[in-house]
Structures are given as C-alpha cells and as structure tokens.
Amino acid sequence: MIGSGWRRRGVLAGLAALPAVARAQVTAQGPVQANWPSLVANYRYPDWFRDAKFGIWSHWGPQSVPEQGDWYGRNLYQQGHPQADFHRKTYGHPADVGMMEVQNRWTAANWDPEALMQRYVKAGAKYFVSLACHHDNLDCYDSAHHGWNSLRVGPKRDVVGTWAKVARAHGLRFGVSNHAAHAWHWYQTAYGYDPEGLRKGERYDAFRLTKADGAGKWWEGLDPQLLYTGKHIVAPDGIDTMQAMGKWHEDNDGQWVEHGPAGDAAYATRWLQRQVDLVTKYQPDLCYFDDYELPFGPIGLAAAADYYNRSIAWHGKIDVVLNAKQLKPYARFGLVQDVERGFADKLWDEPWQTDTCLGDWFYKRSLFTEKRYKSANDVLQRLADVISKNGNLLLSVPQRGDGTIDAEEERILDDLGAWMAVNGEAVFRTRPWRSYGEGPTQLAAGMQNEDGFKGFTEQDVRFTTKGDTLYLFFLKAPTGPVTVRSLGLGAGRVARARLLGGGDVAFRQAAAGLTLTLPRGLGTVPVVRIDGLRRG
C-alpha cells in the first residue's frame, strides 16, 4: 500500500493545486483553523444532540436496487462472490453491465418521504440522517462538482434536499453522511477481470469505458472514470483462480485507508469541493464521515474547520455534530465519536453515538423473508444501554430501491412508537446518572462486535436522570423481585417508585440495595421512575 510520506505530500499538494482564489471560495473563513488543536479548542457539544438521543438514518442509494445487502458495487466484480453470481444472472456480465447501469436502475418510483417521516417521528426519532454519497460514488443530491448524481442518474431527484425539507417540516434535526473518501480503493475491483471461466481475462466495464463511449446512451456527457475513480490499484494480468484474485484484492485495494490515491491528488480536492458544496447547500445539523478520524490529512481538517466556521455563520456558534470513528487522544473532543455496530463498556465523559441497522445497511431481501431483523426489543435494549453511557443511537431502516420499507420494518417501527409513547420521558432530554447501571452482562467495547452479543439478563439495569428524577430501564422484564444494588440507602432514600405506563411499584430499601417487585408479564424494556431520591 501507499506509504505515509506520500500521503502527506499528496494531500498537501492536492490542496495547494487549487488556485488561491478557489481555495478562498472552497472553505469558509472563521476562528476554527484546520488543525486538531483548533478543532478541540473550539468545539462544544450541542445541547440538541444531547437531548435528542435517538435518530433514524436513511442509508439508501443505488446499492438497494438488487436487494442483496452491503457492498454490492464492489462485490459484483469479484467472481465467485454470491453478489457477483446474482449480478450475472440478473443483469449480465460486469464487462457488459456494471455498477453504473445498476445506479441508473435506482428509480425511487414508490418513495413517499412524507409517510416515512411520519412513521419515523412516531417511532421516536428526534434527528434524521440522509446518505449523501456512499462508496459507490453517486452523489444523492444536487452536486455542483460531480456529474454522477441523483438528479442526472437514477431517480432524477434531489434525494438529500427532499429528505431535508420533510425532516425539518416535522421538527427534526437533519444530517447527512458522506462515505465518498473510500470510493477510490473500494471500486478497484471494477477494473479487474474473471480469473476463471468462459470470459477469463476480459476486463470489466470500468477498465475500458471512457466519456466518448457514452455518445447516444443514457449517460452521454458523463465520464465513467470519474464514477469508478480511475486505475489506481489494478489487478495484474495472469491471476488464474478466484481464490488468488480474492486474496489480491484483499491485500491491495481491500484495506481501509484514509489517504488518497497515488498520482491523483485531484481526487481529494474534488472530495473537498463536493463536501463543502454539500454542507453549504443543505446546512446539515450533523455530518457523518465514514472515516477513522478524518480523510486525506490536511484536506479532511480543512473540511471540518469549514463546517464549524459555517455553523458559526449560521447559528452564531458551533451547533453541529461531525461524526467520525476511532478517535485518538489528540482528536478526542474535536468531533463526536461514532462506534459502528458496537458497544461501550463505560460511561463516557463526552457525548458519542453508536450506529446500527435493523438488517444490512443496504436492503437485503432475505433478512425480511427469513425474519432476521433486529426486533424492537433489541433496539430498545441498545438505546437504553447507549443513553445511560452518554451516547445517542442512530438506527438505519433499510429501504428497497423503490423507496419503500417492508411490512416487518413497519411493524418494528410501530412497536418502537408504542413503547416511546409510554416511556419517552425516560429517554429524551435526560442525562446519565453517576453510574450507567449494573448487572452481570459485560459488554466488550469496540466496533463491529454486536453479532457476538448473547443477550441481557433480568439483573441488567440502566439509569438516566432528569432533574430530581431517576429512571431505571430493566433490559429484560423481571419475572420476580430484583435488587438494584446501586440504590442502597447510601445512595439516598427513595420516596416513590412508579412503573411508566402503570402504577406504583412495591419496593424495599436497605443498605444492600433497592428491591423492586414489578408486575408479571411486562413486555419490552419496562421503565421505573424513582422520585424523591434524597441524601440523608
């Protein structure tokens, strides 16, 4: 892979490649400078984010069309992969029909953003995030710097702009997610070939298509090389087994890196132009980068400073959230850390976010037919655990290519809404208590580890507070008396315990803890409100 020395020289050269006048136009001026100390010194966590607790994410784009799940645009080019097999059977060989053709099949024909937003609001969402561009490199908005966008390809609509208008009309904060920094290495499989079979050695569409080839076709005037990003890490000739080809891609273009492509500094500068265009047009309250810290070195820092300075111009202060992952100590407190599909094992000092999904990030039909989505109970357990540790939960609800969600997703959202109608006071505008909770289940901190989670017990309890009120979330409904050790007499005397949506709860408080006897037969994550907790 490309060395760190090139990375720094390349991104600096890329930023310098913009003329001085253009640089002044690309990034906003203000007190925040494009370096980590300045980001940390100036950033403050918005109260709206701390109050919101729960958001819904439309992680929706052309990779939803095949209904085969995540990373379709990369995997369709890897002979032997199930998605590659599906693509050949459904659309044709990728030398003839590649991802650009799938993008144009994204019609959004039955998308009803108003009806979906009504359901999301009822389910408890206080902020909403729209995917702006995934690794497939299609901008889902009115992009000034990238012709491959949803007004020119596929739906012929401004998807981000539509979502923004509808979300804000319902009183939600609005965010966008930008995953485009990784397109340049993610898409390199499109420049490969079948190592076996009848079309062995025949290069895929990205390798051969040029702008001139679009004459008279639906994509006339567009350059496929700007979509597929160019021949940066091309598999060499002579690989003759699927296993060997898979290993080559894994070792070369399959690594998660935050630098740009060698010899193409313009890629990172175009990313900056597109990012600034995105935040300028839609003024999002939240921007999610699918990156470990920030992409492209100084260029990523310039994008962050630009966003914060624009927020000061919009609001008089930094009132936005910029999400990124795997923050090192020097970056902590300069962004809001996101923990993808993972857990925290402690109460964090600063606000943070975890994002997860009912199924795959992009719609996968088999998860619906086989009833393998996360349940409402799963989501609410995660929500209670996350907010007790000073975090927010961003939940992706996968949409089909036509814009609809399926009946199972509708049922899950309606179940969330029914729970929120009773228990929402324990969630929204709350803050963590002195400890996040207690119980025997030990969660492993980190990303991408939720698949190994075995479940909570009746002794697992989480806490939130609002004023003088303490809320107890029982992550699994108790079938008998439960003693909460954190609420022994040393924590203060309890005056009253009441089940939200129910009546008073019998309790006995002693030095060893507070023993509560909840009614039997309770369903998903019952919540008890504790009033009158006083020292002495």
# chains A, B, ... in the order shown; residues from 1 in each chain; ligands from 1

call {"tool": "select_by_dssp", "arguments": {"residues": "stretch 65-259 of chain A", "states": "alpha helix (DSSP H)", "output": "MDAnalysis selection string"}}
result
chainID A and resid 72:75 82:90 99:104 113:122 159:169 183:186 205:208 224:228 242:252

call {"tool": "select_by_dssp", "arguments": {"residues": "stretch 374-467 of chain A", "states": "strand (DSSP E)", "output": "list in words"}}
result
Gly391, Asn392, Leu393, Leu394, Leu395, Ser396, Gly437, Glu438, Val461, Arg462, Phe463, Thr464, Thr465 and Lys466 of chain A

call {"tool": "write_last_selection", "arguments": {"atoms": "all heavy atoms", "output": "short mmCIF file (atom, residue, chain, number, x, y, z; two decimals), in the first residue's frame"}}
result
data_model
loop_
_atom_site.label_atom_id
_atom_site.label_comp_id
_atom_site.auth_asym_id
_atom_site.auth_seq_id
_atom_site.Cartn_x
_atom_site.Cartn_y
_atom_site.Cartn_z
N GLY A 391 -24.47 8.40 25.34
CA GLY A 391 -24.46 8.30 23.90
C GLY A 391 -25.82 8.50 23.27
O GLY A 391 -26.83 8.65 23.95
N ASN A 392 -25.82 8.50 21.95
CA ASN A 392 -27.02 8.51 21.12
C ASN A 392 -27.03 7.26 20.26
O ASN A 392 -25.98 6.70 19.95
CB ASN A 392 -27.06 9.72 20.20
CG ASN A 392 -27.43 11.00 20.90
OD1 ASN A 392 -27.26 11.15 22.10
ND2 ASN A 392 -27.91 11.97 20.13
N LEU A 393 -28.21 6.85 19.84
CA LEU A 393 -28.37 5.72 18.93
C LEU A 393 -28.91 6.21 17.60
O LEU A 393 -29.98 6.84 17.55
CB LEU A 393 -29.31 4.68 19.51
CG LEU A 393 -29.65 3.48 18.61
CD1 LEU A 393 -28.40 2.66 18.32
CD2 LEU A 393 -30.73 2.61 19.22
N LEU A 394 -28.18 5.94 16.52
CA LEU A 394 -28.63 6.23 15.16
C LEU A 394 -28.97 4.90 14.50
O LEU A 394 -28.10 4.05 14.31
CB LEU A 394 -27.54 6.96 14.38
CG LEU A 394 -27.85 7.30 12.92
CD1 LEU A 394 -29.06 8.22 12.82
CD2 LEU A 394 -26.63 7.93 12.25
N LEU A 395 -30.24 4.72 14.14
CA LEU A 395 -30.75 3.45 13.63
C LEU A 395 -31.05 3.56 12.15
O LEU A 395 -31.86 4.39 11.72
CB LEU A 395 -32.02 3.06 14.39
CG LEU A 395 -32.71 1.78 13.91
CD1 LEU A 395 -31.86 0.55 14.26
CD2 LEU A 395 -34.11 1.67 14.52
N SER A 396 -30.44 2.69 11.36
CA SER A 396 -30.73 2.62 9.93
C SER A 396 -31.91 1.68 9.68
O SER A 396 -31.95 0.57 10.20
CB SER A 396 -29.51 2.12 9.17
OG SER A 396 -29.82 1.91 7.81
N GLY A 437 -25.27 1.98 35.19
CA GLY A 437 -26.19 0.91 35.55
C GLY A 437 -25.43 -0.22 36.22
O GLY A 437 -24.33 -0.03 36.75
N GLU A 438 -26.03 -1.40 36.18
CA GLU A 438 -25.41 -2.57 36.81
C GLU A 438 -26.00 -3.83 36.19
O GLU A 438 -26.97 -3.79 35.43
CB GLU A 438 -25.65 -2.55 38.32
CG GLU A 438 -27.13 -2.65 38.71
CD GLU A 438 -27.34 -2.60 40.21
OE1 GLU A 438 -26.82 -1.66 40.84
OE2 GLU A 438 -28.02 -3.50 40.74
N VAL A 461 -29.64 -3.51 34.50
CA VAL A 461 -30.42 -2.28 34.67
C VAL A 461 -29.58 -1.11 34.18
O VAL A 461 -28.36 -1.08 34.37
CB VAL A 461 -30.80 -2.07 36.15
CG1 VAL A 461 -31.67 -0.82 36.32
CG2 VAL A 461 -31.52 -3.29 36.70
N ARG A 462 -30.23 -0.13 33.56
CA ARG A 462 -29.55 1.09 33.13
C ARG A 462 -30.28 2.29 33.70
O ARG A 462 -31.49 2.25 33.91
CB ARG A 462 -29.50 1.17 31.59
CG ARG A 462 -28.73 0.03 30.94
CD ARG A 462 -27.25 0.10 31.26
NE ARG A 462 -26.49 -0.93 30.58
CZ ARG A 462 -26.13 -2.10 31.14
NH1 ARG A 462 -26.50 -2.38 32.39
NH2 ARG A 462 -25.42 -2.96 30.47
N PHE A 463 -29.53 3.41 33.90
CA PHE A 463 -30.06 4.60 34.55
C PHE A 463 -29.99 5.81 33.63
O PHE A 463 -29.02 5.98 32.88
CB PHE A 463 -29.25 4.94 35.81
CG PHE A 463 -29.09 3.83 36.79
CD1 PHE A 463 -27.84 3.55 37.33
CD2 PHE A 463 -30.17 3.05 37.20
CE1 PHE A 463 -27.67 2.53 38.25
CE2 PHE A 463 -30.01 2.03 38.12
CZ PHE A 463 -28.76 1.76 38.65
N THR A 464 -30.99 6.69 33.73
CA THR A 464 -30.90 8.06 33.22
C THR A 464 -31.53 8.97 34.26
O THR A 464 -32.26 8.51 35.16
CB THR A 464 -31.63 8.24 31.87
OG1 THR A 464 -33.03 7.97 32.03
CG2 THR A 464 -31.03 7.36 30.79
N THR A 465 -31.27 10.27 34.14
CA THR A 465 -31.85 11.23 35.08
C THR A 465 -32.40 12.44 34.33
O THR A 465 -31.96 12.77 33.22
CB THR A 465 -30.79 11.75 36.09
OG1 THR A 465 -29.77 12.45 35.40
CG2 THR A 465 -30.18 10.62 36.88
N LYS A 466 -33.35 13.08 34.99
CA LYS A 466 -33.89 14.36 34.52
C LYS A 466 -34.31 15.13 35.76
O LYS A 466 -35.26 14.73 36.45
CB LYS A 466 -35.08 14.13 33.59
CG LYS A 466 -35.61 15.41 32.95
CD LYS A 466 -36.86 15.13 32.12
CE LYS A 466 -36.57 14.25 30.92
NZ LYS A 466 -37.80 13.96 30.14
#

call {"tool": "residues_around", "arguments": {"residues": "A:Leu518", "least_positions_apart": "3", "cutoff": "8 Å", "atoms": "only C-alpha atoms", "output": "NGL selection string"}}
result
:A and (478-481 or 499 or 505-506)

call {"tool": "residues_around", "arguments": {"residues": "stretch 104-120 of chain A", "least_positions_apart": "3", "cutoff": "7 Å", "atoms": "only C-alpha atoms", "output": "CSV table (one decimal) with N, CA, C and O atoms, in the first residue's frame"}}
result
chain,number,residue,atom,x,y,z
A,62,PRO,N,-28.3,3.5,-4.7
A,62,PRO,CA,-28.5,2.5,-5.8
A,62,PRO,C,-28.1,1.1,-5.4
A,62,PRO,O,-28.6,0.2,-6.0
A,65,VAL,N,-31.0,-1.4,-4.9
A,65,VAL,CA,-31.8,-1.9,-6.0
A,65,VAL,C,-31.7,-3.5,-6.1
A,65,VAL,O,-32.8,-4.1,-6.3
A,100,MET,N,-22.5,1.2,-12.8
A,100,MET,CA,-23.1,2.4,-13.3
A,100,MET,C,-24.5,2.1,-13.9
A,100,MET,O,-25.4,2.9,-13.8
A,101,GLU,N,-24.7,0.9,-14.5
A,101,GLU,CA,-26.0,0.6,-15.0
A,101,GLU,C,-27.0,0.3,-13.9
A,101,GLU,O,-28.2,0.6,-14.0
A,123,ALA,N,-42.0,6.8,15.8
A,123,ALA,CA,-41.1,5.8,16.4
A,123,ALA,C,-40.2,6.5,17.4
A,123,ALA,O,-39.5,5.7,18.1
A,124,GLY,N,-40.1,7.8,17.5
A,124,GLY,CA,-39.3,8.5,18.5
A,124,GLY,C,-38.1,9.2,17.9
A,124,GLY,O,-37.4,9.8,18.7
A,125,ALA,N,-37.9,9.2,16.6
A,125,ALA,CA,-36.7,9.9,16.1
A,125,ALA,C,-36.8,11.4,16.4
A,125,ALA,O,-37.8,12.0,16.1
A,153,VAL,N,-28.7,10.9,-12.7
A,153,VAL,CA,-28.7,9.4,-12.8
A,153,VAL,C,-29.8,8.9,-11.9
A,153,VAL,O,-30.0,9.4,-10.8
A,154,GLY,N,-30.5,7.8,-12.3
A,154,GLY,CA,-31.4,7.1,-11.4
A,154,GLY,C,-32.7,7.9,-11.1
A,154,GLY,O,-33.5,8.2,-12.1
A,155,PRO,N,-32.9,8.3,-9.9
A,155,PRO,CA,-34.3,8.9,-9.6
A,155,PRO,C,-34.6,10.2,-10.3
A,155,PRO,O,-35.7,10.6,-10.4
A,163,TRP,N,-35.3,14.9,1.6
A,163,TRP,CA,-35.3,14.5,2.9
A,163,TRP,C,-35.2,15.7,3.9
A,163,TRP,O,-35.8,15.7,5.0
A,166,VAL,N,-38.5,17.6,4.3
A,166,VAL,CA,-39.5,16.8,5.0
A,166,VAL,C,-39.2,16.7,6.5
A,166,VAL,O,-40.0,16.9,7.4
A,167,ALA,N,-37.9,16.4,6.8
A,167,ALA,CA,-37.5,16.2,8.2
A,167,ALA,C,-37.6,17.5,9.0
A,167,ALA,O,-38.2,17.4,10.1
A,401,GLY,N,-35.0,-0.4,-3.3
A,401,GLY,CA,-34.7,0.5,-4.3
A,401,GLY,C,-35.8,1.4,-4.8
A,401,GLY,O,-35.5,2.6,-5.2
A,402,ASP,N,-37.0,1.0,-4.6
A,402,ASP,CA,-38.2,1.9,-5.0
A,402,ASP,C,-38.5,2.9,-3.9
A,402,ASP,O,-39.4,3.7,-4.1
A,403,GLY,N,-37.8,2.8,-2.8
A,403,GLY,CA,-38.0,3.8,-1.7
A,403,GLY,C,-38.9,3.3,-0.6
A,403,GLY,O,-39.0,4.0,0.4
A,404,THR,N,-39.5,2.2,-0.7
A,404,THR,CA,-40.4,1.7,0.4
A,404,THR,C,-39.6,0.9,1.4
A,404,THR,O,-38.5,0.5,1.2

call {"tool": "closest_atom_pairs", "arguments": {"of": "stretch 164-223 of chain A", "to": "stretch 236-241 of chain A", "cutoff": "9 Å", "atoms": "only C-alpha atoms", "output": "JSON lines"}}
result
{"residue": "A:Gly192", "atom": "CA", "partner": "A:Pro236", "partner_atom": "CA", "distance": 8.2}
{"residue": "A:Tyr193", "atom": "CA", "partner": "A:Asp237", "partner_atom": "CA", "distance": 8.7}
{"residue": "A:Asp194", "atom": "CA", "partner": "A:Asp240", "partner_atom": "CA", "distance": 8.3}
{"residue": "A:Pro195", "atom": "CA", "partner": "A:Asp240", "partner_atom": "CA", "distance": 4.5}
{"residue": "A:Glu196", "atom": "CA", "partner": "A:Thr241", "partner_atom": "CA", "distance": 6.0}
{"residue": "A:Lys200", "atom": "CA", "partner": "A:Asp240", "partner_atom": "CA", "distance": 8.1}
{"residue": "A:Gly201", "atom": "CA", "partner": "A:Asp237", "partner_atom": "CA", "distance": 7.3}

call {"tool": "residues_around", "arguments": {"residues": "A:Gln33", "least_positions_apart": "2", "cutoff": "10 Å", "atoms": "only C-alpha atoms", "output": "CSV table (one decimal) with C-alpha atoms, in the first residue's frame"}}
result
chain,number,residue,atom,x,y,z
A,29,GLN,CA,-13.1,31.6,7.0
A,30,GLY,CA,-13.5,31.9,10.7
A,31,PRO,CA,-12.0,31.2,14.1
A,35,ASN,CA,-5.7,21.6,12.8
A,36,TRP,CA,-6.6,19.3,15.7
A,37,PRO,CA,-5.8,21.7,18.5
A,38,SER,CA,-8.1,24.3,17.0
A,39,LEU,CA,-10.9,21.8,16.4
A,42,ASN,CA,-13.4,25.5,19.6
A,301,LEU,CA,-9.1,19.0,8.6
A,302,ALA,CA,-10.0,21.8,6.2
A,304,ALA,CA,-14.0,20.0,9.4
A,305,ALA,CA,-12.9,23.6,10.0
A,306,ASP,CA,-15.1,24.8,7.1
A,308,TYR,CA,-17.6,24.5,12.1
A,309,ASN,CA,-17.0,28.0,10.7

call {"tool": "atom_distance", "arguments": {"atom1": "atom CA of A:Asp223", "atom2": "atom CA of A:Met99"}}
result
13.7 Å

call {"tool": "closest_residue", "arguments": {"among": "A:Glu350, A:Asn178, A:Ile312, A:Leu198", "to": "A:Asp291", "atoms": "only C-alpha atoms"}}
result
A:Asn178

call {"tool": "residues_around", "arguments": {"residues": "A:Ala212", "least_positions_apart": "5", "cutoff": "10 Å", "atoms": "only C-alpha atoms", "output": "number ranges by chain"}}
result
A: 220-224

call {"tool": "closest_residue", "arguments": {"among": "A:Thr469, A:Ser177, A:Thr189, A:Gln283", "to": "A:Tyr72", "atoms": "only C-alpha atoms"}}
result
A:Thr189

call {"tool": "residues_around", "arguments": {"residues": "A:Leu286", "least_positions_apart": "5", "cutoff": "6 Å", "atoms": "only C-alpha atoms", "output": "PyMOL selection string"}}
result
chain A and resi 175+320-322

call {"tool": "write_last_selection", "arguments": {"atoms": "N, CA, C and O atoms", "output": "PDB file, in the first residue's frame"}}
result
ATOM      1  N   GLY A 175     -29.354  15.543   9.195  1.00  0.00           N
ATOM      2  CA  GLY A 175     -27.948  15.249   8.969  1.00  0.00           C
ATOM      3  C   GLY A 175     -27.713  14.559   7.641  1.00  0.00           C
ATOM      4  O   GLY A 175     -28.648  14.092   6.972  1.00  0.00           O
ATOM      5  N   VAL A 320     -23.331  22.116  15.555  1.00  0.00           N
ATOM      6  CA  VAL A 320     -23.444  20.966  14.667  1.00  0.00           C
ATOM      7  C   VAL A 320     -22.622  19.813  15.231  1.00  0.00           C
ATOM      8  O   VAL A 320     -21.784  19.979  16.112  1.00  0.00           O
ATOM      9  N   VAL A 321     -22.884  18.637  14.670  1.00  0.00           N
ATOM     10  CA  VAL A 321     -22.180  17.407  15.036  1.00  0.00           C
ATOM     11  C   VAL A 321     -21.431  16.899  13.819  1.00  0.00           C
ATOM     12  O   VAL A 321     -22.012  16.784  12.737  1.00  0.00           O
ATOM     13  N   LEU A 322     -20.143  16.605  13.995  1.00  0.00           N
ATOM     14  CA  LEU A 322     -19.346  15.956  12.960  1.00  0.00           C
ATOM     15  C   LEU A 322     -18.887  14.609  13.514  1.00  0.00           C
ATOM     16  O   LEU A 322     -18.100  14.555  14.456  1.00  0.00           O
TER      17      LEU A 322
END

call {"tool": "atom_distance", "arguments": {"atom1": "atom CA of A:Tyr330", "atom2": "atom CA of A:Val40"}}
result
8.3 Å

call {"tool": "closest_residue", "arguments": {"among": "A:Arg496, A:Val234, A:Ala384, A:Gly488", "to": "A:Leu472", "atoms": "only C-alpha atoms"}}
result
A:Ala384
